[in-house]
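Peer 1: Here's a structure for you.
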Amino acid sequence: MSGGAGRRAAQHDGGAVGEDEHQIHRTLGAYCQHYDDGRFDEWADLFTDDAAFEFPGRRARGREAIRSLMETVHAAGPGGKHMTANTLVDVDGDSASATTDYLFVQPEGGGLAIVAAGRYHDRLVRSDGRWRFAERVITMVGDEGDAGGG
């Protein structure tokens with residue numbers, strides 16, 4: 001395949017699923033795995049230099065500020081795992097938007113407890129040949145503006 005056809009090679013459920021979407025899904029998955037494993041060098045590299053990051057009560061701008069904030073959050077509690085689902089991706093050239101539902105679980109009393117649930121609202125850009133977060137806004141179930149429910 002030549003030109004843009006390689007990006008839109010596969011068909012799924014009547015819509016094109018291309019290499020860009022695949023790579024964006026890899027970025028979204030790497031965010032969770034790198035964070036959960038405490039691999040902050042790799043995790044921070046998923047963001048552009050001037051990325052914006054926001055979740056209830058906290059904001060940071062720039063890769064290093066985001067890294068510093070989230071290393072502090074990570075160190076404040078027991079380890080856990082992110083579970084994600086229902087990802088929707090829209091690609092427009094070298095930029096994309098994505099929304100993903102998530103749960104964050106931690107060990108509790110011999111089992112697992114859901115300690116957070118909500119949605120990631122992402123703006124991604126192609127940077128240095130790969131997809132990175134330009135902006136991530138995290139909403140939690142029950143927060144003003146959350147589109148969750150029913």
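Labels used: A, B, ... for chains in the order of the structure tokens, numbers from 1 for residues in each chain, and numbers from 1 for ligands as shown.
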Counting only C-alpha atoms, what is within 12 Å of Arg58 in chain A, bar same-chain residues fewer than 2 positions away, as a PDB file with N, CA and C atoms, in the first residue's frame?

Peer 2:
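What ended up in around38.pdb:
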```
ATOM      1  N   ALA A  52      -0.868  19.765  28.880  1.00  0.00           N
ATOM      2  CA  ALA A  52      -1.706  20.165  30.008  1.00  0.00           C
ATOM      3  C   ALA A  52      -2.322  18.907  30.610  1.00  0.00           C
ATOM      4  N   PHE A  53      -2.446  18.902  31.934  1.00  0.00           N
ATOM      5  CA  PHE A  53      -2.951  17.732  32.654  1.00  0.00           C
ATOM      6  C   PHE A  53      -3.839  18.238  33.776  1.00  0.00           C
ATOM      7  N   GLU A  54      -5.019  17.639  33.912  1.00  0.00           N
ATOM      8  CA  GLU A  54      -5.953  18.118  34.926  1.00  0.00           C
ATOM      9  C   GLU A  54      -6.788  16.967  35.456  1.00  0.00           C
ATOM     10  N   PHE A  55      -6.945  16.926  36.768  1.00  0.00           N
ATOM     11  CA  PHE A  55      -7.935  16.064  37.387  1.00  0.00           C
ATOM     12  C   PHE A  55      -8.476  16.812  38.589  1.00  0.00           C
ATOM     13  N   PRO A  56      -9.597  16.395  39.169  1.00  0.00           N
ATOM     14  CA  PRO A  56     -10.252  17.205  40.189  1.00  0.00           C
ATOM     15  C   PRO A  56      -9.288  17.725  41.267  1.00  0.00           C
ATOM     16  N   ALA A  60      -1.544  20.719  36.054  1.00  0.00           N
ATOM     17  CA  ALA A  60      -0.120  20.901  35.775  1.00  0.00           C
ATOM     18  C   ALA A  60       0.044  21.170  34.288  1.00  0.00           C
ATOM     19  N   ARG A  61       1.076  21.943  33.955  1.00  0.00           N
ATOM     20  CA  ARG A  61       1.384  22.199  32.548  1.00  0.00           C
ATOM     21  C   ARG A  61       2.867  21.936  32.338  1.00  0.00           C
ATOM     22  N   ALA A  65       6.405  19.155  35.038  1.00  0.00           N
ATOM     23  CA  ALA A  65       5.454  19.481  36.103  1.00  0.00           C
ATOM     24  C   ALA A  65       4.433  18.358  36.267  1.00  0.00           C
ATOM     25  N   ILE A  66       3.987  17.778  35.151  1.00  0.00           N
ATOM     26  CA  ILE A  66       3.041  16.657  35.200  1.00  0.00           C
ATOM     27  C   ILE A  66       3.698  15.465  35.882  1.00  0.00           C
ATOM     28  N   LEU A  69       3.987  16.075  39.690  1.00  0.00           N
ATOM     29  CA  LEU A  69       2.683  15.938  40.337  1.00  0.00           C
ATOM     30  C   LEU A  69       2.308  14.476  40.502  1.00  0.00           C
ATOM     31  N   MET A  70       2.418  13.705  39.440  1.00  0.00           N
ATOM     32  CA  MET A  70       1.940  12.330  39.487  1.00  0.00           C
ATOM     33  C   MET A  70       2.880  11.393  40.241  1.00  0.00           C
ATOM     34  N   THR A  72       4.226  12.306  42.991  1.00  0.00           N
ATOM     35  CA  THR A  72       3.755  12.573  44.347  1.00  0.00           C
ATOM     36  C   THR A  72       2.469  11.809  44.639  1.00  0.00           C
ATOM     37  N   VAL A  73       1.534  11.832  43.693  1.00  0.00           N
ATOM     38  CA  VAL A  73       0.271  11.103  43.852  1.00  0.00           C
ATOM     39  C   VAL A  73       0.553   9.604  43.980  1.00  0.00           C
ATOM     40  N   ARG A 136      -4.640  16.035  28.801  1.00  0.00           N
ATOM     41  CA  ARG A 136      -5.465  14.990  29.412  1.00  0.00           C
ATOM     42  C   ARG A 136      -6.239  15.639  30.543  1.00  0.00           C
ATOM     43  N   VAL A 137      -7.566  15.532  30.457  1.00  0.00           N
ATOM     44  CA  VAL A 137      -8.458  15.983  31.519  1.00  0.00           C
ATOM     45  C   VAL A 137      -9.166  14.741  32.047  1.00  0.00           C
ATOM     46  N   ILE A 138      -9.079  14.537  33.344  1.00  0.00           N
ATOM     47  CA  ILE A 138      -9.665  13.362  33.977  1.00  0.00           C
ATOM     48  C   ILE A 138     -10.886  13.798  34.777  1.00  0.00           C
ATOM     49  N   THR A 139     -12.037  13.205  34.473  1.00  0.00           N
ATOM     50  CA  THR A 139     -13.222  13.434  35.281  1.00  0.00           C
ATOM     51  C   THR A 139     -13.522  12.163  36.051  1.00  0.00           C
TER      52      THR A 139
END
```

Peer 1: Can you pull out every residue within 6 Å of Leu124 in chain A, counting only C-alpha atoms, but drop anything in the same chain fewer than 3 positions away, and send it as a PyMOL selection string?

Peer 2: chain A and resi 95-96+132-134

Peer 1: Using only N, CA and C atoms, please write the residues we just selected to a file, as a compact mmCIF listing (two decimals), in the first residue's frame.

Peer 2:
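See part-v6.txt below for the written result:
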```
# COMPACT_ATOMS: atom_id res chain seq x y z
N SER A 95 -3.39 15.25 14.58
CA SER A 95 -3.99 15.44 15.90
C SER A 95 -5.15 14.46 16.04
N ALA A 96 -5.51 14.21 17.28
CA ALA A 96 -6.58 13.27 17.55
C ALA A 96 -7.22 13.60 18.89
N ARG A 132 1.52 11.46 21.23
CA ARG A 132 1.72 11.89 22.62
C ARG A 132 0.51 12.70 23.08
N PHE A 133 0.34 12.75 24.39
CA PHE A 133 -0.71 13.57 24.97
C PHE A 133 -0.32 15.05 24.91
N ALA A 134 -1.20 15.86 24.33
CA ALA A 134 -1.07 17.31 24.41
C ALA A 134 -1.92 17.82 25.57
```

Peer 1: With DSSP run on the backbone, what are the helix (DSSP H, G or I) residues within range 43-147 of chain A? I'd like them as an MDAnalysis selection string.

Peer 2: chainID A and resid 43:44 63:75

Peer 1: Within 12 Å of Gly129 in chain A, counting only C-alpha atoms, which residues show up once you throw out same-chain ones fewer than 4 positions away? Write them as an NGL selection string, please.

Peer 2: :A and (20 or 23-24 or 94 or 125)

Peer 1: Given the choices A:Ser68, A:Thr48, A:Ser127, A:Asn86, which gets closest to Ala98 in chain A if the distance is worked out from only C-alpha atoms?

Peer 2: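 For Ala98 in chain A, the nearest of the given residues is A:Asn86.
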
Peer 1: Using only C-alpha atoms, which residues sit within 12 Å of Gly111 in chain A once same-chain residues fewer than 5 positions away are excluded, as an MDAnalysis selection string?

Peer 2: chainID A and resid 80 105:106

Peer 1: Which polymer residues have any atom within 10 Å of an atom of Tyr31 in chain A, counting only C-alpha atoms, with same-chain residues fewer than 3 positions away left out, as a ChimeraX atom specification?

Peer 2: /A:25-28,34-36,39-40,42-47,82,133

Peer 1: Restricting the calculation to only C-alpha atoms: of A:Thr84, A:Pro107, A:Asp37, A:Ser97, which residue gets closest to Arg119 in chain A?

Peer 2: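 Closest candidate: A:Thr84.
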
Peer 1: Using DSSP assignments from the backbone, pull out every residue in range 4-129 of chain A that falls under strand (DSSP E) and give it to me as a PyMOL selection string.

Peer 2: chain A and resi 10-12+15-17+47-55+58-61+81-92+95-108+111-127

Peer 1: So which one's closest to His22 in chain A, A:Arg59, A:Lys81, A:His74, A:Arg130? Using only C-alpha atoms, please.

Peer 2: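 Answer, going by the shortest atom-to-atom distance: A:Arg130.
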
Peer 1: Can you work out which one of A:Glu71, A:Met83, A:Leu88, A:Leu103 has the shortest atom-to-atom distance to Gln33 in chain A, counting only C-alpha atoms?

Peer 2: A:Met83

Peer 1: Just give me the gap between CA of Gly142 in chain A and CA of Asp101 in chain A in Å, one decimal is fine.

Peer 2: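 Separation of CA of Gly142 in chain A and CA of Asp101 in chain A: 13.5 Å.
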
Peer 1: Rank A:Glu21, A:Glu108, A:Asp143, A:Asp90 by their smallest atom-to-atom distance to Trp131 in chain A, using only C-alpha atoms, and report the top residue only.

Peer 2: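 Of A:Glu21, A:Glu108, A:Asp143, A:Asp90, the one nearest Trp131 in chain A, counting only C-alpha atoms, is A:Glu21.
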
Peer 1: Between A:Gly38, A:Asp49, A:Arg63, A:Gly110, which residue has the minimum interatomic distance to Asp128 in chain A, considering only C-alpha atoms?

Peer 2: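 For Asp128 in chain A, the nearest of the candidates is A:Asp49.
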